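Source file: work.csv; contents: CSV, N, CA, C and O atoms.
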chain,number,residue,atom,x,y,z
U,87,GLY,N,106.9,95.3,90.6
U,87,GLY,CA,106.4,96.4,91.4
U,87,GLY,C,104.9,96.2,91.7
U,87,GLY,O,104.4,96.6,92.7
U,88,ILE,N,104.1,95.6,90.7
U,88,ILE,CA,102.7,95.4,90.9
U,88,ILE,C,102.4,94.5,92.1
U,88,ILE,O,101.6,94.8,93.0
U,89,TYR,N,103.2,93.4,92.3
U,89,TYR,CA,102.9,92.5,93.3
U,89,TYR,C,103.0,93.2,94.7
U,89,TYR,O,102.3,92.8,95.6
U,90,GLY,N,103.9,94.1,94.8
U,90,GLY,CA,104.1,94.8,96.1
U,90,GLY,C,103.0,95.7,96.6
U,90,GLY,O,102.8,96.0,97.7
U,91,VAL,N,102.1,96.1,95.6
U,91,VAL,CA,101.0,97.0,96.0
U,91,VAL,C,99.6,96.3,95.7
U,91,VAL,O,98.6,97.0,96.0
U,92,TRP,N,99.6,95.1,95.3
U,92,TRP,CA,98.4,94.4,95.0
U,92,TRP,C,97.9,93.7,96.2
U,92,TRP,O,98.6,93.0,96.9
U,93,ASN,N,96.6,94.0,96.6
U,93,ASN,CA,96.0,93.5,97.8
U,93,ASN,C,94.7,92.8,97.5
U,93,ASN,O,94.1,93.0,96.5
U,94,TYR,N,94.4,91.9,98.4
U,94,TYR,CA,93.1,91.2,98.4
U,94,TYR,C,92.2,92.2,99.2
U,94,TYR,O,92.5,92.4,100.4
U,95,PRO,N,91.2,92.7,98.6
U,95,PRO,CA,90.3,93.6,99.4
U,95,PRO,C,89.8,92.9,100.6
U,95,PRO,O,89.3,91.8,100.5
U,96,HIS,N,89.9,93.5,101.8
U,96,HIS,CA,89.5,92.9,103.1
U,96,HIS,C,88.1,92.5,103.0
U,96,HIS,O,87.7,91.4,103.4
U,97,GLU,N,87.2,93.4,102.5
U,97,GLU,CA,85.8,93.0,102.5
U,97,GLU,C,85.5,91.8,101.6
U,97,GLU,O,84.7,91.0,101.9
U,98,SER,N,86.2,91.8,100.5
U,98,SER,CA,86.1,90.6,99.6
U,98,SER,C,86.5,89.3,100.2
U,98,SER,O,85.8,88.3,100.1
U,99,ALA,N,87.6,89.4,101.0
U,99,ALA,CA,88.1,88.2,101.7
U,99,ALA,C,87.1,87.8,102.7
U,99,ALA,O,86.8,86.6,102.9
U,100,GLN,N,86.5,88.7,103.5
U,100,GLN,CA,85.5,88.4,104.5
U,100,GLN,C,84.3,87.8,103.9
U,100,GLN,O,83.7,86.9,104.5
U,101,ARG,N,83.9,88.2,102.7
U,101,ARG,CA,82.7,87.7,102.1
U,101,ARG,C,83.0,86.4,101.3
U,101,ARG,O,82.1,85.8,100.7
U,102,GLY,N,84.3,85.9,101.2
U,102,GLY,CA,84.6,84.7,100.5
U,102,GLY,C,84.6,84.9,99.0
U,102,GLY,O,84.6,84.0,98.2
U,103,GLU,N,84.8,86.2,98.5
U,103,GLU,CA,84.8,86.4,97.1
U,103,GLU,C,86.1,86.0,96.5
U,103,GLU,O,87.2,86.4,97.0
U,104,GLN,N,86.1,85.2,95.4
U,104,GLN,CA,87.3,84.8,94.7
U,104,GLN,C,87.0,84.9,93.2
U,104,GLN,O,85.9,85.0,92.8
U,105,GLY,N,88.1,85.0,92.5
U,105,GLY,CA,88.0,85.1,91.0
U,105,GLY,C,89.3,85.4,90.4
U,105,GLY,O,90.3,85.6,91.0
U,106,THR,N,89.2,85.5,89.0
U,106,THR,CA,90.4,85.8,88.2
U,106,THR,C,90.0,87.0,87.3
U,106,THR,O,88.9,87.1,86.8
U,107,VAL,N,90.9,87.9,87.2
U,107,VAL,CA,90.8,89.1,86.4
U,107,VAL,C,91.9,89.1,85.3
U,107,VAL,O,93.0,89.0,85.7
U,108,LEU,N,91.5,89.2,84.1
U,108,LEU,CA,92.4,89.3,83.0
U,108,LEU,C,92.4,90.7,82.5
U,108,LEU,O,91.4,91.2,82.1
U,109,LEU,N,93.6,91.4,82.6
U,109,LEU,CA,93.7,92.8,82.2
U,109,LEU,C,94.6,92.9,81.0
U,109,LEU,O,95.6,92.1,80.8
U,110,GLU,N,94.4,93.9,80.2
U,110,GLU,CA,95.3,94.3,79.1
U,110,GLU,C,95.9,95.6,79.7
U,110,GLU,O,95.2,96.6,79.9
U,111,ILE,N,97.2,95.6,79.8
U,111,ILE,CA,97.9,96.8,80.3
U,111,ILE,C,98.7,97.4,79.1
U,111,ILE,O,99.5,96.7,78.5
U,112,ILE,N,98.5,98.7,78.8
U,112,ILE,CA,99.1,99.3,77.7
U,112,ILE,C,100.2,100.3,78.3
U,112,ILE,O,99.8,101.3,79.0
U,113,VAL,N,101.4,100.0,78.1
U,113,VAL,CA,102.5,100.8,78.6
U,113,VAL,C,103.2,101.7,77.5
U,113,VAL,O,103.5,101.1,76.4
U,114,ASN,N,103.3,102.9,77.7
U,114,ASN,CA,104.0,103.8,76.8
U,114,ASN,C,105.5,103.7,76.8
U,114,ASN,O,106.0,103.1,77.8
U,115,ARG,N,106.1,104.1,75.8
U,115,ARG,CA,107.6,104.0,75.6
U,115,ARG,C,108.3,104.5,76.9
U,115,ARG,O,109.3,104.0,77.3
U,116,ASP,N,107.8,105.6,77.5
U,116,ASP,CA,108.5,106.2,78.7
U,116,ASP,C,108.2,105.4,80.0
U,116,ASP,O,108.6,105.8,81.1
U,117,GLY,N,107.4,104.3,79.9
U,117,GLY,CA,107.1,103.5,81.1
U,117,GLY,C,105.8,103.9,81.8
U,117,GLY,O,105.4,103.3,82.7
U,118,SER,N,105.1,105.0,81.3
U,118,SER,CA,103.8,105.4,81.9
U,118,SER,C,102.7,104.5,81.4
U,118,SER,O,102.9,103.8,80.3
U,119,ILE,N,101.6,104.5,82.1
U,119,ILE,CA,100.5,103.7,81.7
U,119,ILE,C,99.6,104.5,80.8
U,119,ILE,O,99.2,105.6,81.2
U,120,GLU,N,99.3,104.0,79.6
U,120,GLU,CA,98.3,104.6,78.7
U,120,GLU,C,96.9,104.2,79.1
U,120,GLU,O,96.0,105.0,79.1
U,121,ASP,N,96.7,102.9,79.4
U,121,ASP,CA,95.4,102.4,79.7
U,121,ASP,C,95.4,101.0,80.3
U,121,ASP,O,96.4,100.3,80.1
U,122,VAL,N,94.4,100.7,81.0
U,122,VAL,CA,94.2,99.3,81.5
U,122,VAL,C,92.8,98.9,81.2
U,122,VAL,O,91.8,99.6,81.5
U,123,ASN,N,92.6,97.8,80.5
U,123,ASN,CA,91.3,97.3,80.1
U,123,ASN,C,91.1,95.9,80.7
U,123,ASN,O,91.9,95.1,80.7
U,124,ILE,N,89.8,95.7,81.1
U,124,ILE,CA,89.4,94.4,81.6
U,124,ILE,C,89.0,93.6,80.4
U,124,ILE,O,88.1,93.9,79.7
U,125,LEU,N,89.8,92.5,80.2
U,125,LEU,CA,89.4,91.6,79.1
U,125,LEU,C,88.5,90.5,79.5
U,125,LEU,O,87.6,90.1,78.8
U,126,ASN,N,88.6,90.1,80.8
U,126,ASN,CA,87.7,89.1,81.4
U,126,ASN,C,87.7,89.4,82.9
U,126,ASN,O,88.7,89.0,83.6
U,127,GLY,N,86.7,89.9,83.4
U,127,GLY,CA,86.6,90.3,84.8
U,127,GLY,C,86.1,89.2,85.7
U,127,GLY,O,85.5,88.2,85.2
U,128,SER,N,86.3,89.3,87.0
U,128,SER,CA,85.7,88.4,87.9
U,128,SER,C,84.2,88.8,88.1
U,128,SER,O,83.8,89.9,87.6
U,129,GLU,N,83.4,88.1,88.7
U,129,GLU,CA,82.0,88.5,89.0
U,129,GLU,C,81.9,89.5,90.1
U,129,GLU,O,80.9,90.1,90.3
U,130,TYR,N,83.0,89.8,90.7
U,130,TYR,CA,83.0,90.8,91.8
U,130,TYR,C,83.8,92.1,91.4
U,130,TYR,O,85.0,92.1,91.2
U,131,GLU,N,83.0,93.1,91.3
U,131,GLU,CA,83.5,94.4,90.8
U,131,GLU,C,84.7,94.9,91.7
U,131,GLU,O,85.6,95.5,91.2
U,132,ARG,N,84.6,94.6,93.0
U,132,ARG,CA,85.7,95.1,93.9
U,132,ARG,C,87.0,94.4,93.6
U,132,ARG,O,88.1,95.1,93.6
U,133,LEU,N,87.0,93.2,93.2
U,133,LEU,CA,88.3,92.5,92.7
U,133,LEU,C,88.8,93.1,91.4
U,133,LEU,O,90.0,93.3,91.3
U,134,ASN,N,87.9,93.4,90.5
U,134,ASN,CA,88.3,94.0,89.3
U,134,ASN,C,88.9,95.3,89.5
U,134,ASN,O,90.0,95.7,88.9
U,135,ARG,N,88.3,96.1,90.4
U,135,ARG,CA,88.8,97.5,90.7
U,135,ARG,C,90.2,97.4,91.3
U,135,ARG,O,91.1,98.2,91.0
U,136,GLU,N,90.4,96.5,92.2
U,136,GLU,CA,91.7,96.3,92.9
U,136,GLU,C,92.8,95.9,92.0
U,136,GLU,O,93.9,96.4,92.1
U,137,ALA,N,92.5,95.0,91.0
U,137,ALA,CA,93.5,94.7,90.0
U,137,ALA,C,94.0,95.9,89.2
U,137,ALA,O,95.2,96.1,89.0
U,138,ILE,N,93.0,96.6,88.7
U,138,ILE,CA,93.3,97.9,88.0
U,138,ILE,C,94.1,98.8,88.8
U,138,ILE,O,95.1,99.4,88.4
U,139,ALA,N,93.7,99.1,90.1
U,139,ALA,CA,94.3,100.0,90.9
U,139,ALA,C,95.8,99.6,91.2
U,139,ALA,O,96.7,100.5,91.3
U,140,ALA,N,96.0,98.3,91.3
U,140,ALA,CA,97.4,97.9,91.6
U,140,ALA,C,98.3,98.3,90.4
U,140,ALA,O,99.5,98.7,90.6
U,141,VAL,N,97.9,98.2,89.2
U,141,VAL,CA,98.7,98.5,88.0
U,141,VAL,C,99.0,100.0,88.1
U,141,VAL,O,100.2,100.4,87.9
U,142,PHE,N,98.1,100.9,88.4
U,142,PHE,CA,98.3,102.3,88.5
U,142,PHE,C,99.2,102.7,89.7
U,142,PHE,O,100.0,103.6,89.6
U,143,LYS,N,99.0,102.0,90.8
U,143,LYS,CA,99.8,102.3,92.0
U,143,LYS,C,101.3,101.9,91.7
U,143,LYS,O,102.2,102.6,92.2
U,144,ALA,N,101.6,100.9,90.9
U,144,ALA,CA,102.9,100.4,90.7
U,144,ALA,C,103.6,101.3,89.6
U,144,ALA,O,104.8,101.3,89.5
U,145,ALA,N,102.9,102.0,88.8
U,145,ALA,CA,103.5,102.8,87.7
U,145,ALA,C,104.2,104.0,88.3
U,145,ALA,O,103.9,104.5,89.4
U,146,PRO,N,105.1,104.6,87.6
U,146,PRO,CA,105.5,104.2,86.2
U,146,PRO,C,106.5,103.0,86.2
U,146,PRO,O,107.1,102.7,87.2
U,147,PHE,N,106.6,102.4,85.1
U,147,PHE,CA,107.5,101.2,84.9
U,147,PHE,C,108.7,101.7,84.2
U,147,PHE,O,108.8,102.9,83.7
U,148,GLY,N,109.6,100.9,84.0
U,148,GLY,CA,110.9,101.2,83.2
U,148,GLY,C,110.6,101.6,81.8
U,148,GLY,O,109.6,101.1,81.2
U,149,LYS,N,111.4,102.4,81.2
U,149,LYS,CA,111.3,102.7,79.8
U,149,LYS,C,111.4,101.5,78.9
U,149,LYS,O,112.2,100.6,79.3
U,150,LEU,N,110.7,101.5,77.8
U,150,LEU,CA,110.9,100.4,76.8
U,150,LEU,C,112.3,100.6,76.2
U,150,LEU,O,112.8,101.7,76.0
U,151,PRO,N,112.9,99.4,75.9
U,151,PRO,CA,114.2,99.5,75.2
U,151,PRO,C,114.2,100.2,73.9
U,151,PRO,O,113.1,100.2,73.2
U,152,GLU,N,115.2,100.9,73.5
U,152,GLU,CA,115.3,101.6,72.2
U,152,GLU,C,115.0,100.6,71.1
U,152,GLU,O,114.5,101.0,70.0
U,153,SER,N,115.4,99.4,71.3
U,153,SER,CA,115.2,98.4,70.2
U,153,SER,C,113.8,97.9,70.0
U,153,SER,O,113.4,97.3,69.0
U,154,TRP,N,112.9,98.3,71.0
U,154,TRP,CA,111.5,98.0,70.9
U,154,TRP,C,110.9,98.8,69.7
U,154,TRP,O,111.0,100.0,69.7
U,155,PRO,N,110.3,98.1,68.7
U,155,PRO,CA,109.9,98.8,67.5
U,155,PRO,C,108.6,99.6,67.6
U,155,PRO,O,108.3,100.5,66.8
U,156,GLU,N,107.8,99.4,68.7
U,156,GLU,CA,106.5,100.1,68.8
U,156,GLU,C,106.7,101.2,69.9
U,156,GLU,O,107.6,101.2,70.7
U,157,GLU,N,105.7,102.1,69.8
U,157,GLU,CA,105.6,103.2,70.8
U,157,GLU,C,105.0,102.7,72.1
U,157,GLU,O,105.0,103.4,73.2
U,158,GLN,N,104.3,101.6,72.1
U,158,GLN,CA,103.6,101.0,73.3
U,158,GLN,C,103.8,99.5,73.3
U,158,GLN,O,104.2,98.9,72.4
U,159,LEU,N,103.7,99.0,74.6
U,159,LEU,CA,103.7,97.6,74.8
U,159,LEU,C,102.4,97.2,75.4
U,159,LEU,O,101.9,97.8,76.4
U,160,ARG,N,101.8,96.2,74.9
U,160,ARG,CA,100.5,95.6,75.4
U,160,ARG,C,100.8,94.3,76.1
U,160,ARG,O,101.4,93.4,75.6
U,161,ILE,N,100.4,94.3,77.4
U,161,ILE,CA,100.6,93.1,78.2
U,161,ILE,C,99.3,92.6,78.7
U,161,ILE,O,98.4,93.3,79.1
U,162,LYS,N,99.2,91.3,78.6
U,162,LYS,CA,98.0,90.6,79.2
U,162,LYS,C,98.4,90.0,80.5
U,162,LYS,O,99.4,89.3,80.6
U,163,ALA,N,97.7,90.3,81.6
U,163,ALA,CA,98.1,89.8,82.9
U,163,ALA,C,96.9,89.3,83.7
U,163,ALA,O,95.8,89.9,83.7
U,164,TYR,N,97.0,88.1,84.2
U,164,TYR,CA,96.0,87.5,85.1
U,164,TYR,C,96.3,87.9,86.5
U,164,TYR,O,97.4,87.8,87.0
U,165,PHE,N,95.2,88.2,87.2
U,165,PHE,CA,95.2,88.5,88.7
U,165,PHE,C,94.3,87.5,89.3
U,165,PHE,O,93.1,87.5,89.1
U,166,LEU,N,94.9,86.5,90.0
U,166,LEU,CA,94.1,85.4,90.7
U,166,LEU,C,93.8,85.8,92.1
U,166,LEU,O,94.8,86.0,92.9
U,167,TYR,N,92.6,85.8,92.5
U,167,TYR,CA,92.1,86.1,93.9
U,167,TYR,C,91.6,84.7,94.4
U,167,TYR,O,90.5,84.3,94.0
U,168,GLN,N,92.4,84.1,95.2
U,168,GLN,CA,92.0,82.8,95.8
U,168,GLN,C,92.3,82.8,97.2
U,168,GLN,O,93.4,83.0,97.7
U,169,LEU,N,91.3,82.5,98.0
U,169,LEU,CA,91.5,82.4,99.5
U,169,LEU,C,92.1,81.1,99.8
U,169,LEU,O,91.8,80.0,99.3
U,170,GLY,N,93.1,81.1,100.7
U,170,GLY,CA,93.8,79.9,101.1
U,170,GLY,C,94.5,80.2,102.5
U,170,GLY,O,95.6,79.7,102.7
U,171,GLY,N,93.9,80.9,103.4
U,171,GLY,CA,94.5,81.2,104.6
U,171,GLY,C,95.5,82.3,104.6
U,171,GLY,O,96.2,82.6,105.6
U,172,ARG,N,95.6,83.0,103.5
U,172,ARG,CA,96.5,84.2,103.4
U,172,ARG,C,95.6,85.4,103.0
U,172,ARG,O,94.6,85.3,102.4
U,173,ASP,N,96.1,86.5,103.4
U,173,ASP,CA,95.3,87.8,103.1
U,173,ASP,C,95.9,88.5,101.9
U,173,ASP,O,95.6,89.6,101.7
U,174,ARG,N,96.7,87.8,101.1
U,174,ARG,CA,97.2,88.3,99.9
U,174,ARG,C,96.8,87.4,98.7
U,174,ARG,O,96.6,86.3,98.9
U,175,PRO,N,96.7,88.0,97.5
U,175,PRO,CA,96.5,87.1,96.4
U,175,PRO,C,97.6,86.1,96.2
U,175,PRO,O,98.7,86.4,96.6
U,176,LEU,N,97.3,85.0,95.7
U,176,LEU,CA,98.3,83.9,95.6
U,176,LEU,C,99.1,84.0,94.3
U,176,LEU,O,100.2,83.4,94.3
U,177,ASP,N,98.7,84.6,93.3
U,177,ASP,CA,99.4,84.6,92.0
U,177,ASP,C,99.2,85.9,91.2
U,177,ASP,O,98.2,86.5,91.3
U,178,ILE,N,100.2,86.2,90.4
U,178,ILE,CA,100.0,87.3,89.5
U,178,ILE,C,100.7,86.9,88.2
U,178,ILE,O,101.7,86.2,88.2
U,179,PHE,N,100.2,87.4,87.1
U,179,PHE,CA,100.8,87.0,85.8
U,179,PHE,C,100.8,85.5,85.6
U,179,PHE,O,101.8,85.0,85.1
U,180,GLY,N,99.8,84.8,86.1
U,180,GLY,CA,99.7,83.4,85.9
U,180,GLY,C,99.5,83.1,84.4
U,180,GLY,O,99.3,83.9,83.6
U,181,LYS,N,99.4,81.8,84.1
U,181,LYS,CA,99.2,81.4,82.7
U,181,LYS,C,97.8,81.6,82.3
U,181,LYS,O,96.9,81.8,83.0

Go ahead and render the structure in this file as structure tokens.
Amino acid sequence: GIYGVWNYPHESAQRGEQGTVLLEIIVNRDGSIEDVNILNGSEYERLNREAIAAVFKAAPFGKLPESWPEEQLRIKAYFLYQLGGRDRPLDIFGK
């Protein structure tokens, strides 16, 4: 769901801004977002904001399985903003 709403900010692309944003996404048992934290941001605040916004736009997510022992799930996700002739980010949840 995140990939479908994640965009490369037009102004950032026009300015040649590129970078990687590492987020920690905390998902509640019911699939709602508890919080999103920047663990390592790009040097461009607009790219950081867009990565966070994409997570919230895609929410809620599916419920956690009953077998999951915790009340929350913490996910670390990379958002790579790299220009290459496309107006969309090239990768999500990279290594």

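In terms of minimum interatomic distance to Phe165 in chain U, U:Thr106 ranks closest within U:Ser153, U:Thr106, U:Ile124, U:Val113, counting only N, CA, C and O atoms.
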
List the spatial neighbours of Ala144 in chain U as a PyMOL selection string - criterion: any atom at most 7 Å away, only N, CA, C and O atoms, same-chain residues fewer than 4 positions off excluded. chain U and resi 87-88+91+139-140

Report as a ChimeraX atom specification all protein, DNA and RNA residues lying within 7 Å of Lys162 in chain U, evaluated on only C-alpha atoms, omitting residues in the same chain fewer than 3 positions from it. /U:108-111

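Residues of chain U assigned to helix (DSSP H, G or I) by DSSP on this structure's backbone: Ile88, Tyr89, Gly90, Val91, His96, Glu97, Ser98, Ala99, Gln100, Arg101, Glu131, Arg132, Leu133, Asn134, Arg135, Glu136, Ala137, Ile138, Ala139, Ala140, Val141, Phe142, Lys143 and Ala144 of chain U.
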
Out of U:Phe142, U:Trp154, U:Tyr167, U:Tyr89, which residue has the shortest atom-to-atom distance to Arg115 in chain U when counting all atoms listed in the file?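 Between U:Phe142, U:Trp154, U:Tyr167, U:Tyr89, the residue approaching Arg115 in chain U most closely is U:Trp154.
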
Top pick for closest residue to Gln168 in chain U, considering U:Gln104, U:Pro155, U:Arg135, U:Asn126 and counting all atoms listed in the file: U:Gln104

Would you compute the distance between atom C of Ile112 in chain U and atom N of His96 in chain U? Give it in Å to one decimal.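 Separation of atom C of Ile112 in chain U and atom N of His96 in chain U: 26.5 Å.
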
DSSP on the backbone: which residues in range 89-177 of chain U end up as strand (DSSP E)? Give the answer as an MDAnalysis selection string. chainID U and resid 105:114 119:126 158:167 177

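Considering only N, CA, C and O atoms, the residue among U:Val107, U:Leu125, U:Leu159, U:Ile119 positioned nearest to Ala137 in chain U is U:Val107.
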
Using only C-alpha atoms for the distances, tell me which of U:Leu166, U:Ala99, U:Leu150, U:Ala145 is nearest to Val122 in chain U.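 The shortest atom-to-atom distance to Val122 in chain U comes from U:Ala145.
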
For a test of reading the model, state the distance in Å between atom O of Glu156 in chain U and CA of Glu120 in chain U, rounded to one decimal.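 We find that atom O of Glu156 in chain U and CA of Glu120 in chain U lie 12.7 Å from each other.
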
Identify the residues within 7 Å of coordinate (81.5, 95.8, 98.2) (same frame as the file), considering all atoms listed in the file, and give the answer as a PyMOL selection string. chain U and resi 97-98+132

When you draw a straight line from CA of Leu133 in chain U to CA of Asp116 in chain U, how long is it in Å?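 For CA of Leu133 in chain U relative to CA of Asp116 in chain U, the distance reads 28.1 Å.
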
Choose the residue, out of U:Glu136, U:Glu157, U:Glu152, U:Glu129, that has the smallest atom-to-atom separation from Gly105 in chain U; count only N, CA, C and O atoms. U:Glu129

Take range 134-144 of chain U, bring it up to all heavy atoms, and give me the output as a PDB file, in the frame of the given file.
ATOM      1  N   ASN U 134      87.900  93.400  90.500  1.00  0.00           N
ATOM      2  CA  ASN U 134      88.300  94.000  89.300  1.00  0.00           C
ATOM      3  C   ASN U 134      88.900  95.300  89.500  1.00  0.00           C
ATOM      4  O   ASN U 134      90.000  95.700  88.900  1.00  0.00           O
ATOM      5  CB  ASN U 134      87.070  94.166  88.340  1.00  0.00           C
ATOM      6  CG  ASN U 134      86.425  92.857  87.948  1.00  0.00           C
ATOM      7  OD1 ASN U 134      87.061  91.803  87.951  1.00  0.00           O
ATOM      8  ND2 ASN U 134      85.151  92.910  87.620  1.00  0.00           N
ATOM      9  N   ARG U 135      88.300  96.100  90.400  1.00  0.00           N
ATOM     10  CA  ARG U 135      88.800  97.500  90.700  1.00  0.00           C
ATOM     11  C   ARG U 135      90.200  97.400  91.300  1.00  0.00           C
ATOM     12  O   ARG U 135      91.100  98.200  91.000  1.00  0.00           O
ATOM     13  CB  ARG U 135      87.868  98.266  91.543  1.00  0.00           C
ATOM     14  CG  ARG U 135      86.643  98.790  90.818  1.00  0.00           C
ATOM     15  CD  ARG U 135      85.867  99.793  91.668  1.00  0.00           C
ATOM     16  NE  ARG U 135      85.659  99.374  93.036  1.00  0.00           N
ATOM     17  CZ  ARG U 135      84.560  98.786  93.501  1.00  0.00           C
ATOM     18  NH1 ARG U 135      83.552  98.542  92.688  1.00  0.00           N
ATOM     19  NH2 ARG U 135      84.455  98.453  94.763  1.00  0.00           N
ATOM     20  N   GLU U 136      90.400  96.500  92.200  1.00  0.00           N
ATOM     21  CA  GLU U 136      91.700  96.300  92.900  1.00  0.00           C
ATOM     22  C   GLU U 136      92.800  95.900  92.000  1.00  0.00           C
ATOM     23  O   GLU U 136      93.900  96.400  92.100  1.00  0.00           O
ATOM     24  CB  GLU U 136      91.606  95.329  94.068  1.00  0.00           C
ATOM     25  CG  GLU U 136      92.910  95.122  94.799  1.00  0.00           C
ATOM     26  CD  GLU U 136      93.543  96.387  95.356  1.00  0.00           C
ATOM     27  OE1 GLU U 136      92.822  97.286  95.817  1.00  0.00           O
ATOM     28  OE2 GLU U 136      94.796  96.484  95.333  1.00  0.00           O
ATOM     29  N   ALA U 137      92.500  95.000  91.000  1.00  0.00           N
ATOM     30  CA  ALA U 137      93.500  94.700  90.000  1.00  0.00           C
ATOM     31  C   ALA U 137      94.000  95.900  89.200  1.00  0.00           C
ATOM     32  O   ALA U 137      95.200  96.100  89.000  1.00  0.00           O
ATOM     33  CB  ALA U 137      93.003  93.543  89.131  1.00  0.00           C
ATOM     34  N   ILE U 138      93.000  96.600  88.700  1.00  0.00           N
ATOM     35  CA  ILE U 138      93.300  97.900  88.000  1.00  0.00           C
ATOM     36  C   ILE U 138      94.100  98.800  88.800  1.00  0.00           C
ATOM     37  O   ILE U 138      95.100  99.400  88.400  1.00  0.00           O
ATOM     38  CB  ILE U 138      92.047  98.494  87.411  1.00  0.00           C
ATOM     39  CG1 ILE U 138      91.419  97.581  86.358  1.00  0.00           C
ATOM     40  CG2 ILE U 138      92.324  99.879  86.836  1.00  0.00           C
ATOM     41  CD1 ILE U 138      90.022  97.985  85.940  1.00  0.00           C
ATOM     42  N   ALA U 139      93.700  99.100  90.100  1.00  0.00           N
ATOM     43  CA  ALA U 139      94.300 100.000  90.900  1.00  0.00           C
ATOM     44  C   ALA U 139      95.800  99.600  91.200  1.00  0.00           C
ATOM     45  O   ALA U 139      96.700 100.500  91.300  1.00  0.00           O
ATOM     46  CB  ALA U 139      93.575 100.118  92.266  1.00  0.00           C
ATOM     47  N   ALA U 140      96.000  98.300  91.300  1.00  0.00           N
ATOM     48  CA  ALA U 140      97.400  97.900  91.600  1.00  0.00           C
ATOM     49  C   ALA U 140      98.300  98.300  90.400  1.00  0.00           C
ATOM     50  O   ALA U 140      99.500  98.700  90.600  1.00  0.00           O
ATOM     51  CB  ALA U 140      97.443  96.361  91.782  1.00  0.00           C
ATOM     52  N   VAL U 141      97.900  98.200  89.200  1.00  0.00           N
ATOM     53  CA  VAL U 141      98.700  98.500  88.000  1.00  0.00           C
ATOM     54  C   VAL U 141      99.000 100.000  88.100  1.00  0.00           C
ATOM     55  O   VAL U 141     100.200 100.400  87.900  1.00  0.00           O
ATOM     56  CB  VAL U 141      97.957  98.229  86.703  1.00  0.00           C
ATOM     57  CG1 VAL U 141      98.737  98.772  85.506  1.00  0.00           C
ATOM     58  CG2 VAL U 141      97.722  96.730  86.562  1.00  0.00           C
ATOM     59  N   PHE U 142      98.100 100.900  88.400  1.00  0.00           N
ATOM     60  CA  PHE U 142      98.300 102.300  88.500  1.00  0.00           C
ATOM     61  C   PHE U 142      99.200 102.700  89.700  1.00  0.00           C
ATOM     62  O   PHE U 142     100.000 103.600  89.600  1.00  0.00           O
ATOM     63  CB  PHE U 142      96.999 103.092  88.440  1.00  0.00           C
ATOM     64  CG  PHE U 142      96.393 103.192  87.070  1.00  0.00           C
ATOM     65  CD1 PHE U 142      95.316 102.386  86.709  1.00  0.00           C
ATOM     66  CD2 PHE U 142      96.896 104.066  86.128  1.00  0.00           C
ATOM     67  CE1 PHE U 142      94.755 102.464  85.446  1.00  0.00           C
ATOM     68  CE2 PHE U 142      96.350 104.160  84.854  1.00  0.00           C
ATOM     69  CZ  PHE U 142      95.280 103.349  84.510  1.00  0.00           C
ATOM     70  N   LYS U 143      99.000 102.000  90.800  1.00  0.00           N
ATOM     71  CA  LYS U 143      99.800 102.300  92.000  1.00  0.00           C
ATOM     72  C   LYS U 143     101.300 101.900  91.700  1.00  0.00           C
ATOM     73  O   LYS U 143     102.200 102.600  92.200  1.00  0.00           O
ATOM     74  CB  LYS U 143      99.369 101.437  93.168  1.00  0.00           C
ATOM     75  CG  LYS U 143      98.107 101.921  93.809  1.00  0.00           C
ATOM     76  CD  LYS U 143      97.770 101.012  94.991  1.00  0.00           C
ATOM     77  CE  LYS U 143      96.310 101.033  95.319  1.00  0.00           C
ATOM     78  NZ  LYS U 143      95.956 100.005  96.316  1.00  0.00           N
ATOM     79  N   ALA U 144     101.600 100.900  90.900  1.00  0.00           N
ATOM     80  CA  ALA U 144     102.900 100.400  90.700  1.00  0.00           C
ATOM     81  C   ALA U 144     103.600 101.300  89.600  1.00  0.00           C
ATOM     82  O   ALA U 144     104.800 101.300  89.500  1.00  0.00           O
ATOM     83  CB  ALA U 144     102.931  98.989  90.222  1.00  0.00           C
TER      84      ALA U 144
END
